[in-house]
Amino acid sequence: MKASIQAVAAEAGVSISTVSRTCAKPNLVLPETRSKVMAAAEKLDYRISRSAAALKTGQSFRVALLMSDPISTWFNSNTYAGLDSVLHPAGYDISIFEMADAHDRHEFFATLPVRRNVDAVIVNSFNIVPEEVEKLSNMKVPIVGINIPSINGFNATVSIDDRQAMHVAVEHLFSMGHRRIAYAHETSMTITRTWSSAQKRVCMG
């Protein structure tokens, strides 16, 4: 039978609220007390109820990562690895949502207000429309952009300098003797997404 929080409290000789605080915010508990609680939890094979924690704190300890392409691509896999190296130690899970087309985006933003199962949304290197930004803002869900075309409405953003990156790339090719240089990128009437590269990576030959 699964161990209860009451059993852990009794084993550690502390109150139930101390066990709860140790699991939710360990930095607020004295190291000695934290060690006793964690030892008791391990001995009794106690597992934190994420759903119960979410009901109490209003947090899901989950972050949504929106990607326009599969995670197997170089940029997306490295983005995920970087986020996970920070969020995982902090107790957060990352849920990946691939926005392959307009239907995927509509479904995500239409159902999120009902589910309310993420604490933040990270948009990875493509655009979302102002209505989608506004919906997240009304829900009080922080929105972070990584290399996005427009930063309007975002709580935080980080981007590379696409123009400078293209300049460095062209200069490198030029130094190798290349003179006929072109930049090819995907274009389609059915595409409903915009990438930062589509606006800023202008070939300079």
# chains A, B, ... in the order shown; residues from 1 in each chain; ligands from 1
>>> select_by_dssp(residues="stretch 100-159 of chain A", states="strand (DSSP E)", output="number ranges by chain")
A: 120-124, 143-146, 156-158
>>> select_by_dssp(residues="chain A", states="helix (DSSP H, G or I)", output="MDAnalysis selection string")
chainID A and resid 5:12 16:24 26:28 31:43 50:57 74:87 102:115 130:138 162:175 196:200
>>> residues_around(residues="stretch 62-64 of chain A", least_positions_apart="3", cutoff="12 Å", atoms="only C-alpha atoms", output="NGL selection string")
:A and (50-51 or 54 or 58-59 or 67 or 80 or 83-84 or 86-88 or 90-99 or 108-109 or 112 or 116-124 or 136 or 141-145)
>>> write_last_selection(atoms="C-alpha atoms", output="short mmCIF file (atom, residue, chain, number, x, y, z; two decimals), in the first residue's frame")
data_model
loop_
_atom_site.label_atom_id
_atom_site.label_comp_id
_atom_site.auth_asym_id
_atom_site.auth_seq_id
_atom_site.Cartn_x
_atom_site.Cartn_y
_atom_site.Cartn_z
CA ARG A 50 1.47 16.14 -8.18
CA SER A 51 -2.29 16.52 -8.57
CA ALA A 54 -1.47 21.46 -7.97
CA GLY A 58 -2.42 26.36 -8.12
CA GLN A 59 0.74 25.19 -9.89
CA MET A 67 7.73 23.73 -31.50
CA TYR A 80 14.96 21.22 -25.09
CA LEU A 83 15.52 24.12 -20.84
CA ASP A 84 15.53 20.70 -19.18
CA VAL A 86 17.29 24.29 -15.68
CA LEU A 87 13.65 23.28 -15.24
CA HIS A 88 14.13 19.65 -14.22
CA ALA A 90 13.59 23.01 -10.18
CA GLY A 91 10.92 20.29 -10.20
CA TYR A 92 9.23 21.13 -13.51
CA ASP A 93 8.27 18.81 -16.36
CA ILE A 94 8.30 19.93 -20.00
CA SER A 95 5.38 19.00 -22.25
CA ILE A 96 6.18 19.29 -25.95
CA PHE A 97 3.51 20.41 -28.40
CA GLU A 98 4.40 20.27 -32.09
CA MET A 99 2.56 23.00 -33.97
CA PHE A 108 -3.83 23.95 -28.09
CA PHE A 109 -5.06 27.49 -27.47
CA LEU A 112 -5.64 25.27 -22.60
CA ARG A 116 -5.11 25.02 -17.19
CA ASN A 117 -2.38 22.41 -16.86
CA VAL A 118 0.77 24.45 -17.48
CA ASP A 119 2.48 27.17 -15.48
CA ALA A 120 4.13 28.80 -18.51
CA VAL A 121 4.30 28.57 -22.29
CA ILE A 122 7.56 28.72 -24.25
CA VAL A 123 7.34 29.47 -27.97
CA ASN A 124 10.35 28.14 -29.83
CA LEU A 136 -2.37 33.51 -22.38
CA VAL A 141 0.15 32.34 -17.94
CA PRO A 142 3.69 33.70 -18.51
CA ILE A 143 4.86 33.42 -22.11
CA VAL A 144 8.52 33.18 -23.10
CA GLY A 145 9.84 33.44 -26.65
#
>>> closest_atom_pairs(of="stretch 61-111 of chain A", to="stretch 147-156 of chain A", cutoff="12 Å", atoms="only C-alpha atoms", output="JSON lines")
{"residue": "A:Leu66", "atom": "CA", "partner": "A:Ile148", "partner_atom": "CA", "distance": 11.7}
{"residue": "A:Met67", "atom": "CA", "partner": "A:Ile148", "partner_atom": "CA", "distance": 11.4}
{"residue": "A:Ser68", "atom": "CA", "partner": "A:Ile148", "partner_atom": "CA", "distance": 11.5}
{"residue": "A:Phe75", "atom": "CA", "partner": "A:Asn147", "partner_atom": "CA", "distance": 10.7}
{"residue": "A:Asn76", "atom": "CA", "partner": "A:Asn147", "partner_atom": "CA", "distance": 11.5}
{"residue": "A:Thr79", "atom": "CA", "partner": "A:Asn147", "partner_atom": "CA", "distance": 10.6}
>>> write_last_selection(atoms="all heavy atoms", output="compact mmCIF listing (two decimals), in the first residue's frame")
# COMPACT_ATOMS: atom_id res chain seq x y z
N LEU A 66 6.26 24.90 -27.19
CA LEU A 66 5.65 24.84 -28.52
C LEU A 66 6.74 24.87 -29.57
O LEU A 66 7.58 25.77 -29.60
CB LEU A 66 4.71 26.02 -28.73
CG LEU A 66 3.67 26.31 -27.64
CD1 LEU A 66 2.70 27.39 -28.12
CD2 LEU A 66 2.93 25.05 -27.24
N MET A 67 6.73 23.85 -30.44
CA MET A 67 7.73 23.73 -31.50
C MET A 67 7.04 23.65 -32.86
O MET A 67 5.98 23.05 -32.99
CB MET A 67 8.59 22.48 -31.30
CG MET A 67 9.44 22.49 -30.05
SD MET A 67 10.43 21.00 -29.91
CE MET A 67 11.59 21.48 -28.62
N SER A 68 7.66 24.25 -33.86
CA SER A 68 7.08 24.21 -35.21
C SER A 68 7.54 22.99 -35.99
O SER A 68 6.96 22.64 -37.01
CB SER A 68 7.46 25.48 -35.97
OG SER A 68 8.87 25.60 -36.06
N PHE A 75 18.18 22.31 -33.79
CA PHE A 75 17.85 23.47 -32.97
C PHE A 75 16.89 23.09 -31.85
O PHE A 75 17.09 23.46 -30.68
CB PHE A 75 17.23 24.57 -33.84
CG PHE A 75 16.98 25.86 -33.09
CD1 PHE A 75 17.99 26.78 -32.91
CD2 PHE A 75 15.73 26.14 -32.55
CE1 PHE A 75 17.78 27.97 -32.22
CE2 PHE A 75 15.50 27.32 -31.85
CZ PHE A 75 16.53 28.23 -31.69
N ASN A 76 15.85 22.33 -32.16
CA ASN A 76 14.85 21.98 -31.16
C ASN A 76 15.41 21.07 -30.08
O ASN A 76 15.09 21.22 -28.89
CB ASN A 76 13.64 21.31 -31.82
CG ASN A 76 12.78 22.30 -32.57
OD1 ASN A 76 12.93 23.50 -32.42
ND2 ASN A 76 11.87 21.80 -33.39
N THR A 79 17.52 23.17 -27.81
CA THR A 79 16.66 24.03 -27.00
C THR A 79 16.07 23.25 -25.83
O THR A 79 16.08 23.70 -24.69
CB THR A 79 15.53 24.63 -27.84
OG1 THR A 79 16.08 25.46 -28.87
CG2 THR A 79 14.59 25.46 -26.99
>>> atom_distance(atom1="atom CA of A:Thr157", atom2="atom CA of A:Tyr183")
26.1 Å
